[in-house]
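target21.cif (mmCIF, C-alpha atoms) appears below.
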```
data_my_file
loop_
_atom_site.label_atom_id
_atom_site.label_comp_id
_atom_site.auth_asym_id
_atom_site.auth_seq_id
_atom_site.Cartn_x
_atom_site.Cartn_y
_atom_site.Cartn_z
CA MET A 1 111.43 67.89 98.19
CA SER A 2 108.65 66.19 96.31
CA SER A 3 109.60 64.12 93.27
CA GLY A 4 106.29 64.80 91.54
CA ALA A 5 106.02 65.89 87.93
CA ALA A 6 106.61 69.46 86.92
CA PRO A 7 103.47 71.62 86.96
CA ALA A 8 101.63 72.47 83.82
CA ALA A 9 101.62 76.06 82.67
CA GLY A 10 98.11 76.58 84.09
CA GLU A 11 99.22 75.48 87.54
CA LEU A 12 101.80 78.22 87.69
CA ASP A 13 99.08 80.82 87.21
CA GLY A 14 97.77 80.31 90.75
CA PHE A 15 100.27 82.84 92.03
CA GLU A 16 97.71 85.48 93.06
CA PRO A 17 97.99 84.88 96.84
CA PHE A 18 101.62 86.00 96.68
CA ASP A 19 100.40 89.44 95.57
CA GLN A 20 99.08 89.94 99.11
CA LEU A 21 102.55 89.62 100.58
CA ALA A 22 104.68 92.62 101.50
CA THR A 23 107.85 90.74 100.57
CA MET A 24 109.14 90.23 97.03
CA VAL A 25 108.57 86.70 95.74
CA ALA A 26 109.53 84.95 92.51
CA LEU A 27 109.17 81.38 91.32
CA ALA A 28 112.24 80.36 89.33
CA ALA A 29 113.76 77.47 87.46
CA PRO A 30 117.05 76.04 88.83
CA ASP A 31 119.00 78.11 86.29
CA GLY A 32 117.33 81.28 87.63
CA GLN A 33 114.82 81.83 84.82
CA CYS A 34 111.87 83.71 86.35
CA LEU A 35 108.53 81.91 85.95
CA GLN A 36 106.32 84.06 88.18
CA ALA A 37 106.68 87.27 90.20
CA ASN A 38 104.39 89.05 92.66
CA SER A 39 103.32 92.69 92.63
CA ALA A 40 105.72 93.71 95.43
CA LEU A 41 108.62 92.60 93.24
CA GLU A 42 107.23 94.58 90.29
CA ASN A 43 106.97 97.72 92.41
CA VAL A 44 110.45 97.49 93.92
CA VAL A 45 112.45 96.42 90.89
CA GLY A 46 110.58 98.79 88.59
CA MET A 47 109.77 96.20 85.91
CA SER A 48 106.42 94.81 84.77
CA ARG A 49 105.56 91.23 85.57
CA ARG A 50 105.81 90.34 81.89
CA ALA A 51 109.33 91.79 81.72
CA LEU A 52 110.34 90.01 84.92
CA LYS A 53 109.18 86.68 83.49
CA ARG A 54 111.46 87.21 80.52
CA SER A 55 114.47 87.76 82.78
CA ASN A 56 116.72 85.75 85.08
CA VAL A 57 116.60 86.35 88.84
CA GLN A 58 120.38 86.42 88.90
CA ASP A 59 120.32 89.53 86.73
CA TRP A 60 118.42 91.44 89.44
CA LEU A 61 121.28 91.32 91.93
CA LEU A 62 124.40 93.44 91.95
CA ASP A 63 126.50 90.33 92.68
CA PRO A 64 124.69 87.17 91.52
CA ALA A 65 127.38 84.63 92.51
CA GLN A 66 125.84 83.64 95.85
CA LEU A 67 122.35 83.38 94.37
CA ARG A 68 123.64 81.17 91.54
CA GLU A 69 125.29 78.80 94.02
CA THR A 70 122.25 78.75 96.35
CA LEU A 71 119.86 78.01 93.47
CA TRP A 72 122.08 75.08 92.47
CA LEU A 73 122.23 73.68 96.03
CA VAL A 74 118.48 74.02 96.71
CA ALA A 75 117.42 72.63 93.32
CA ARG A 76 119.60 69.55 93.85
CA ASN A 77 118.21 68.97 97.36
CA GLN A 78 121.59 69.55 99.01
CA VAL A 79 120.00 72.19 101.26
CA ALA A 80 116.31 72.86 101.92
CA THR A 81 116.75 76.63 102.31
CA GLY A 82 119.52 79.13 101.66
CA ARG A 83 119.74 82.63 103.14
CA PHE A 84 122.06 85.53 102.45
CA ASP A 85 122.14 89.32 102.11
CA ALA A 86 122.41 91.00 98.72
CA GLN A 87 121.56 94.16 96.81
CA ILE A 88 118.87 94.49 94.16
CA LYS A 89 119.44 96.61 91.07
CA ARG A 90 116.50 98.95 90.46
CA LEU A 91 115.07 100.77 87.47
CA PRO A 92 115.34 103.39 86.18
CA ALA A 93 119.09 103.31 85.77
CA GLY A 94 120.79 105.35 88.46
CA SER A 95 118.27 104.41 91.17
CA ALA A 96 119.84 103.43 94.47
CA ASP A 97 120.46 99.71 94.96
CA LEU A 98 118.26 98.13 97.63
CA PRO A 99 119.76 95.98 100.43
CA VAL A 100 117.70 92.80 100.85
CA HIS A 101 117.74 89.52 102.72
CA VAL A 102 117.29 86.67 100.20
CA ILE A 103 115.66 83.34 101.07
CA VAL A 104 115.79 80.54 98.50
CA SER A 105 113.48 77.61 99.30
CA GLN A 106 112.43 74.30 97.84
CA THR A 107 108.91 73.85 96.46
CA GLU A 108 106.75 70.77 95.93
CA TRP A 109 108.13 70.51 92.40
CA PRO A 110 111.70 69.33 91.74
CA ASP A 111 112.42 71.92 89.07
CA ARG A 112 110.93 74.98 90.74
CA VAL A 113 112.56 77.17 93.42
CA LEU A 114 110.97 79.96 95.46
CA VAL A 115 113.05 83.12 95.83
CA GLU A 116 111.88 85.57 98.51
CA MET A 117 113.52 88.95 99.11
CA ILE A 118 112.87 91.11 102.17
CA GLU A 119 114.00 94.71 102.37
CA ILE A 120 116.45 94.83 105.26
CA GLN A 121 115.09 98.22 106.29
CA GLN A 122 111.54 96.85 106.10
CA GLN A 123 112.48 93.86 108.21
CA THR A 124 114.01 96.16 110.82
CA ARG A 125 110.88 98.30 110.83
CA MET A 126 108.60 95.26 111.11
CA ASP A 127 110.64 93.93 114.04
CA ARG A 128 110.45 97.35 115.70
CA GLU A 129 106.68 97.53 115.13
CA GLU A 130 106.22 94.08 116.62
CA ARG A 131 108.24 95.03 119.70
CA THR A 132 106.34 98.32 120.01
CA HIS A 133 102.97 96.60 119.69
CA GLY A 134 103.91 94.01 122.30
CA LEU A 135 105.16 96.67 124.68
CA ALA A 136 102.03 98.75 124.08
CA GLN A 137 99.81 95.83 125.07
CA ALA A 138 101.91 95.11 128.17
CA ASN A 139 102.01 98.79 129.12
CA LYS A 140 98.27 99.09 128.64
CA GLU A 141 97.60 96.30 131.13
CA LEU A 142 100.21 97.63 133.55
CA VAL A 143 98.84 101.17 133.44
CA ARG A 144 95.24 100.05 133.80
CA ASN A 145 96.01 97.85 136.79
CA LEU A 146 98.23 100.49 138.38
CA ALA A 147 95.59 103.18 137.90
CA HIS A 148 92.95 101.07 139.64
CA GLU A 149 95.35 100.33 142.50
CA ILE A 150 96.04 104.07 142.95
CA LYS A 151 92.44 105.19 142.67
CA ASN A 152 90.98 103.62 145.82
CA PRO A 153 93.57 104.82 148.40
CA LEU A 154 93.62 108.20 146.67
CA GLY A 155 89.94 108.70 147.42
CA GLY A 156 90.59 107.78 151.04
CA ILE A 157 93.47 110.28 151.33
CA ARG A 158 91.35 113.09 149.89
CA GLY A 159 88.39 112.28 152.12
CA ALA A 160 90.59 112.15 155.23
CA ALA A 161 92.14 115.53 154.32
CA GLN A 162 88.68 117.08 153.91
CA LEU A 163 87.56 115.78 157.31
CA LEU A 164 90.77 117.02 158.90
CA ALA A 165 90.29 120.48 157.36
CA MET A 166 86.88 120.71 158.99
CA GLU A 167 88.32 119.97 162.43
CA ILE A 168 91.35 122.27 162.59
CA THR A 169 91.38 126.02 163.09
CA SER A 170 95.02 126.82 162.44
CA ARG A 171 95.41 128.69 159.17
CA GLU A 172 98.83 127.11 158.60
CA LEU A 173 97.49 123.58 159.09
CA THR A 174 94.51 124.34 156.85
CA GLU A 175 96.96 125.28 154.10
CA TYR A 176 98.56 121.83 154.44
CA THR A 177 95.22 120.06 154.07
CA ARG A 178 94.42 122.24 151.04
CA ILE A 179 97.68 121.12 149.40
CA ILE A 180 96.86 117.46 150.13
CA ILE A 181 93.43 117.84 148.51
CA GLN A 182 94.85 119.67 145.46
CA GLU A 183 97.55 117.04 144.90
CA ALA A 184 95.02 114.23 145.34
CA ASP A 185 92.84 115.90 142.69
CA ARG A 186 95.83 116.24 140.38
CA LEU A 187 96.65 112.54 140.77
CA GLN A 188 92.98 111.67 140.23
CA ALA A 189 93.02 113.61 136.96
CA LEU A 190 96.18 111.72 135.92
CA VAL A 191 94.52 108.38 136.74
CA ASP A 192 91.43 109.39 134.73
CA ARG A 193 93.64 110.17 131.74
CA LEU A 194 95.37 106.82 132.06
CA LEU A 195 92.03 105.02 132.06
CA ALA A 196 90.30 107.19 129.44
CA PRO A 197 91.15 105.08 126.34
CA HIS A 198 89.76 101.94 128.01
CA ARG A 199 86.55 103.50 129.30
CA ARG A 200 85.10 105.24 126.28
CA PRO A 201 83.81 103.06 123.43
CA GLN A 202 84.61 104.06 119.87
CA VAL A 203 81.99 106.13 118.07
CA VAL A 204 82.44 104.91 114.52
CA ALA A 205 81.32 106.99 111.54
CA ASP A 206 82.71 108.24 108.23
CA VAL A 207 85.80 110.35 108.87
CA ASN A 208 87.34 112.98 106.60
CA ILE A 209 90.96 113.26 107.71
CA HIS A 210 91.22 116.85 106.48
CA GLU A 211 88.35 117.92 108.73
CA VAL A 212 90.33 116.35 111.58
CA CYS A 213 93.46 118.27 110.54
CA GLU A 214 91.60 121.57 110.19
CA ARG A 215 90.11 121.19 113.66
CA VAL A 216 93.56 120.56 115.13
CA ARG A 217 95.03 123.47 113.15
CA SER A 218 92.41 125.90 114.47
CA LEU A 219 92.95 124.75 118.07
CA VAL A 220 96.73 125.10 117.82
CA LEU A 221 96.57 128.55 116.21
CA ALA A 222 94.05 129.72 118.80
CA GLU A 223 96.61 128.84 121.48
CA TYR A 224 99.60 130.25 119.56
CA PRO A 225 98.31 133.11 117.38
CA ARG A 226 101.80 134.59 116.89
CA GLY A 227 105.21 133.12 116.15
CA LEU A 228 103.86 129.85 114.70
CA VAL A 229 102.82 128.93 111.17
CA VAL A 230 100.76 125.77 110.60
CA GLU A 231 101.02 124.82 106.92
CA ARG A 232 98.78 122.36 105.10
CA ASP A 233 99.73 120.06 102.25
CA TYR A 234 96.68 117.90 101.62
CA ASP A 235 95.88 115.25 99.04
CA THR A 236 92.18 116.00 98.64
CA SER A 237 91.59 112.71 96.79
CA ILE A 238 91.94 110.72 100.03
CA PRO A 239 88.61 108.97 100.65
CA GLU A 240 86.65 108.98 103.87
CA PHE A 241 87.07 105.95 106.09
CA ARG A 242 85.30 104.46 109.09
CA GLY A 243 86.67 105.65 112.40
CA ASP A 244 86.20 107.63 115.59
CA ARG A 245 86.58 111.30 114.66
CA GLU A 246 87.10 112.53 118.23
CA GLN A 247 89.78 109.93 118.93
CA LEU A 248 91.66 110.91 115.78
CA ILE A 249 91.39 114.62 116.61
CA GLN A 250 92.82 113.88 120.04
CA ALA A 251 95.64 111.76 118.57
CA VAL A 252 96.70 114.44 116.07
CA LEU A 253 96.25 117.19 118.65
CA ASN A 254 98.47 115.39 121.17
CA ILE A 255 101.25 115.15 118.59
CA ALA A 256 100.78 118.79 117.58
CA HIS A 257 100.87 119.89 121.24
CA ASN A 258 104.11 118.00 121.71
CA ALA A 259 105.46 119.87 118.69
CA THR A 260 104.43 123.29 120.05
CA GLN A 261 106.13 122.55 123.36
CA ALA A 262 109.32 121.56 121.55
CA LEU A 263 109.02 124.74 119.46
CA SER A 264 108.75 127.13 122.40
CA GLU A 265 112.02 128.93 121.61
CA ARG A 266 111.22 129.19 117.91
CA ILE A 267 107.72 130.50 118.70
CA THR A 268 109.34 133.22 120.78
CA ALA A 269 111.71 133.95 117.89
CA GLY A 270 108.75 133.96 115.46
CA ASP A 271 109.97 131.25 113.04
CA ALA A 272 108.20 128.10 114.32
CA GLU A 273 106.58 125.85 111.72
CA ILE A 274 104.30 122.84 111.84
CA LYS A 275 103.19 121.14 108.64
CA LEU A 276 100.22 118.81 108.22
CA ARG A 277 100.77 116.66 105.12
CA SER A 278 98.38 113.94 103.89
CA ARG A 279 99.12 111.33 101.25
CA VAL A 280 97.89 107.94 100.05
CA ALA A 281 100.41 105.15 100.55
CA ARG A 282 100.03 102.20 98.16
CA GLN A 283 100.91 98.63 99.11
CA ALA A 284 101.82 99.84 102.61
CA THR A 285 103.01 97.39 105.23
CA PHE A 286 102.59 97.96 108.96
CA GLY A 287 101.47 95.85 111.87
CA ARG A 288 102.73 92.77 109.97
CA GLN A 289 99.99 93.33 107.37
CA ARG A 290 100.02 94.66 103.85
CA PHE A 291 97.33 97.12 102.79
CA ARG A 292 96.46 98.09 99.25
CA LEU A 293 95.83 101.69 100.32
CA ALA A 294 96.62 103.53 103.53
CA LEU A 295 96.37 107.06 104.85
CA GLU A 296 99.79 108.56 105.52
CA LEU A 297 99.48 111.68 107.65
CA HIS A 298 102.66 113.58 108.55
CA ILE A 299 102.87 116.06 111.42
CA GLU A 300 106.20 117.82 110.89
CA ASP A 301 107.94 120.52 112.91
CA ASN A 302 111.22 122.43 112.73
CA GLY A 303 112.03 122.06 116.42
CA PRO A 304 115.19 120.70 118.07
CA GLY A 305 114.15 117.05 117.68
CA VAL A 306 113.32 114.26 120.10
CA PRO A 307 116.09 113.73 122.68
CA GLU A 308 118.16 110.74 121.60
CA ASP A 309 118.00 109.04 125.00
CA ILE A 310 114.20 108.67 124.82
CA ARG A 311 113.74 108.32 121.04
CA ASP A 312 113.01 104.59 121.26
CA ARG A 313 110.65 105.04 124.22
CA ILE A 314 108.54 108.07 123.33
CA PHE A 315 105.32 106.05 123.04
CA HIS A 316 105.81 104.43 126.44
CA PRO A 317 103.61 105.83 129.23
CA LEU A 318 105.12 108.44 131.58
CA VAL A 319 108.13 109.05 129.29
CA SER A 320 108.53 112.77 128.56
CA GLY A 321 111.24 114.89 127.00
CA ARG A 322 110.42 118.00 129.01
CA ASP A 323 110.22 118.95 132.66
CA GLY A 324 106.70 118.74 134.00
CA GLY A 325 105.40 116.63 131.11
CA SER A 326 103.00 113.80 131.96
CA GLY A 327 104.38 111.48 129.28
CA LEU A 328 100.83 110.44 128.29
CA GLY A 329 100.14 112.43 125.12
CA LEU A 330 101.95 110.15 122.66
CA THR A 331 100.89 107.01 124.52
CA LEU A 332 97.23 107.98 124.12
CA ALA A 333 97.81 109.00 120.49
CA GLN A 334 99.33 105.60 119.69
CA THR A 335 96.47 103.83 121.51
CA PHE A 336 93.81 105.73 119.55
CA VAL A 337 95.54 105.10 116.21
CA GLN A 338 96.05 101.40 116.99
CA GLN A 339 92.30 101.17 117.62
CA HIS A 340 91.98 102.11 113.92
CA GLN A 341 94.34 99.23 112.91
CA GLY A 342 97.05 101.83 112.38
CA THR A 343 100.35 102.86 113.85
CA ILE A 344 102.49 105.95 114.45
CA GLU A 345 106.14 106.19 113.42
CA CYS A 346 108.64 108.89 114.30
CA ASP A 347 111.77 110.13 112.56
CA SER A 348 113.62 112.96 114.24
CA VAL A 349 116.79 114.95 113.67
CA PRO A 350 117.57 118.47 114.90
CA GLY A 351 115.52 120.86 112.77
CA LEU A 352 113.01 118.27 111.50
CA THR A 353 110.77 115.90 113.43
CA VAL A 354 108.17 113.87 111.54
CA PHE A 355 105.40 111.87 113.18
CA LYS A 356 103.72 109.66 110.58
CA ILE A 357 100.25 108.23 111.20
CA LEU A 358 99.37 105.22 109.05
CA ILE A 359 95.75 103.97 108.88
CA PRO A 360 94.26 101.51 106.34
CA LEU A 361 91.90 102.98 103.75
CA PRO A 362 88.95 101.19 102.14
#
```
Written as structure tokens, that's how I'd like the structure from this file.
Amino acid sequence: MSSGAAPAAGELDGFEPFDQLATMVALAAPDGQCLQANSALENVVGMSRRALKRSNVQDWLLDPAQLRETLWLVARNQVATGRFDAQIKRLPAGSADLPVHVIVSQTEWPDRVLVEMIEIQQQTRMDREERTHGLAQANKELVRNLAHEIKNPLGGIRGAAQLLAMEITSRELTEYTRIIIQEADRLQALVDRLLAPHRRPQVVADVNIHEVCERVRSLVLAEYPRGLVVERDYDTSIPEFRGDREQLIQAVLNIAHNATQALSERITAGDAEIKLRSRVARQATFGRQRFRLALELHIEDNGPGVPEDIRDRIFHPLVSGRDGGSGLGLTLAQTFVQQHQGTIECDSVPGLTVFKILIPLP
């Protein structure tokens, strides 16, 4: 730790960069008196920055004993960093306490300590997003390479079957060559779908997300005119943003199609529901970045839920929860949304499945 002089009051005002962080950060004196706090801390604790600066960081925790000891150790240079789990008290009174991971670190000044608090649930989600993003990139390369490897011999198989069909006269043998050609065409179509996101460049323009939703709604209801209700719950104040309208229609449509397939029994019974819900998320964090504003689009259904054995793998290519499914719909949806700097999350229990699309807003 530096042994330099304590900062003047003006120096402590340069705290603005911490407002860009998704984690809660406070600068404190060794006794815990709060000197500065970032906007994430304001939002979570439910207190204004001015009120936070009149308080003691120890008062924010349900059990302050470990924080008190860690502040003492870090301030006296006995440890450089202390870490522990705790629970933050939140306002208004009666709000649920928030489990956090606390990191207390030295600063360049001997009488100033940095206290950082990360929501444990947020950390888990960020780790999951990072794993998902890494797997998506690896899967993308694997699928692209595999598709190219399949494509060339597939053309040869189809061509050979066509030539063979021209030479034989047996009706039974001709049927076999017809099956070979049909299956080769089916595999070719699958390969084309695997390669589609990498072939077509984005067509970027202003996008109104509710026009996207209405297009998807009309397509779904045209396919299922009875037994299915598609509700809308839109926040019409959501601004337009730059994006590829057709890609977003396809992403939302793929998720909606998955929902209709899961709802097949309820559609037959006449009580199937899909809800399209749009909201603005403020100070949203995804993809290891924090965004001031983000679109939050929910596609909800009252189906049986995603099977538990594939719940962590539903965005992987060729993973499907139904017989005969290609396992590409959600993979393509995630690819298209990621091309908009966004992500898709899924929460599913029997009776309620929610796919949430998050995309930064200007």
### Task
Please write the residues picked by the PyMOL selection byres ((chain A and resi 271-280) around 9) on this file as JSON, numbers by chain.
{"A": [209, 210, 213, 217, 227, 228, 229, 230, 231, 232, 233, 234, 235, 236, 237, 238, 256, 259, 260, 263, 264, 265, 266, 267, 268, 269, 270, 281, 282, 293, 294, 295, 296, 297, 298, 299, 300, 301, 302, 303, 361]}
For the selection just defined, write its residues with C-alpha atoms to a file, as a PDB file, in the coordinates of the input.
```
ATOM      1  CA  ILE A 209      90.960 113.260 107.710  1.00  0.00           C
ATOM      2  CA  HIS A 210      91.220 116.850 106.480  1.00  0.00           C
ATOM      3  CA  CYS A 213      93.460 118.270 110.540  1.00  0.00           C
ATOM      4  CA  ARG A 217      95.030 123.470 113.150  1.00  0.00           C
ATOM      5  CA  GLY A 227     105.210 133.120 116.150  1.00  0.00           C
ATOM      6  CA  LEU A 228     103.860 129.850 114.700  1.00  0.00           C
ATOM      7  CA  VAL A 229     102.820 128.930 111.170  1.00  0.00           C
ATOM      8  CA  VAL A 230     100.760 125.770 110.600  1.00  0.00           C
ATOM      9  CA  GLU A 231     101.020 124.820 106.920  1.00  0.00           C
ATOM     10  CA  ARG A 232      98.780 122.360 105.100  1.00  0.00           C
ATOM     11  CA  ASP A 233      99.730 120.060 102.250  1.00  0.00           C
ATOM     12  CA  TYR A 234      96.680 117.900 101.620  1.00  0.00           C
ATOM     13  CA  ASP A 235      95.880 115.250  99.040  1.00  0.00           C
ATOM     14  CA  THR A 236      92.180 116.000  98.640  1.00  0.00           C
ATOM     15  CA  SER A 237      91.590 112.710  96.790  1.00  0.00           C
ATOM     16  CA  ILE A 238      91.940 110.720 100.030  1.00  0.00           C
ATOM     17  CA  ALA A 256     100.780 118.790 117.580  1.00  0.00           C
ATOM     18  CA  ALA A 259     105.460 119.870 118.690  1.00  0.00           C
ATOM     19  CA  THR A 260     104.430 123.290 120.050  1.00  0.00           C
ATOM     20  CA  LEU A 263     109.020 124.740 119.460  1.00  0.00           C
ATOM     21  CA  SER A 264     108.750 127.130 122.400  1.00  0.00           C
ATOM     22  CA  GLU A 265     112.020 128.930 121.610  1.00  0.00           C
ATOM     23  CA  ARG A 266     111.220 129.190 117.910  1.00  0.00           C
ATOM     24  CA  ILE A 267     107.720 130.500 118.700  1.00  0.00           C
ATOM     25  CA  THR A 268     109.340 133.220 120.780  1.00  0.00           C
ATOM     26  CA  ALA A 269     111.710 133.950 117.890  1.00  0.00           C
ATOM     27  CA  GLY A 270     108.750 133.960 115.460  1.00  0.00           C
ATOM     28  CA  ALA A 281     100.410 105.150 100.550  1.00  0.00           C
ATOM     29  CA  ARG A 282     100.030 102.200  98.160  1.00  0.00           C
ATOM     30  CA  LEU A 293      95.830 101.690 100.320  1.00  0.00           C
ATOM     31  CA  ALA A 294      96.620 103.530 103.530  1.00  0.00           C
ATOM     32  CA  LEU A 295      96.370 107.060 104.850  1.00  0.00           C
ATOM     33  CA  GLU A 296      99.790 108.560 105.520  1.00  0.00           C
ATOM     34  CA  LEU A 297      99.480 111.680 107.650  1.00  0.00           C
ATOM     35  CA  HIS A 298     102.660 113.580 108.550  1.00  0.00           C
ATOM     36  CA  ILE A 299     102.870 116.060 111.420  1.00  0.00           C
ATOM     37  CA  GLU A 300     106.200 117.820 110.890  1.00  0.00           C
ATOM     38  CA  ASP A 301     107.940 120.520 112.910  1.00  0.00           C
ATOM     39  CA  ASN A 302     111.220 122.430 112.730  1.00  0.00           C
ATOM     40  CA  GLY A 303     112.030 122.060 116.420  1.00  0.00           C
ATOM     41  CA  LEU A 361      91.900 102.980 103.750  1.00  0.00           C
TER      42      LEU A 361
END
```
### Task
Might you pull out every residue within 9 Å of segment 78-84 of chain A, with all atoms listed in the file counted and same-chain residues fewer than 2 positions away left off, and present them as a VMD selection string?
chain A and resid 1 66 to 67 70 to 76 86 100 to 106
### Task
Enumerate, as a ChimeraX atom specification, the residues matched when the PyMOL selection byres ((chain A and resi 247-252) around 10) is run on the file above.
/A:197,200,202-204,207,209,211-217,243-246,253-258,276,297-299,329-337,339-340,344,355,357
### Query
Taking only C-alpha atoms into account, which of A:Gln58, A:Gln283, A:Asn77, A:Thr169 comes nearest Glu108 of chain A?
A:Asn77
### Query
Taking all atoms listed in the file into account, which of A:Ile88, A:Ser48, A:Arg171, A:Ala37 comes nearest Trp60 of chain A?
A:Ile88
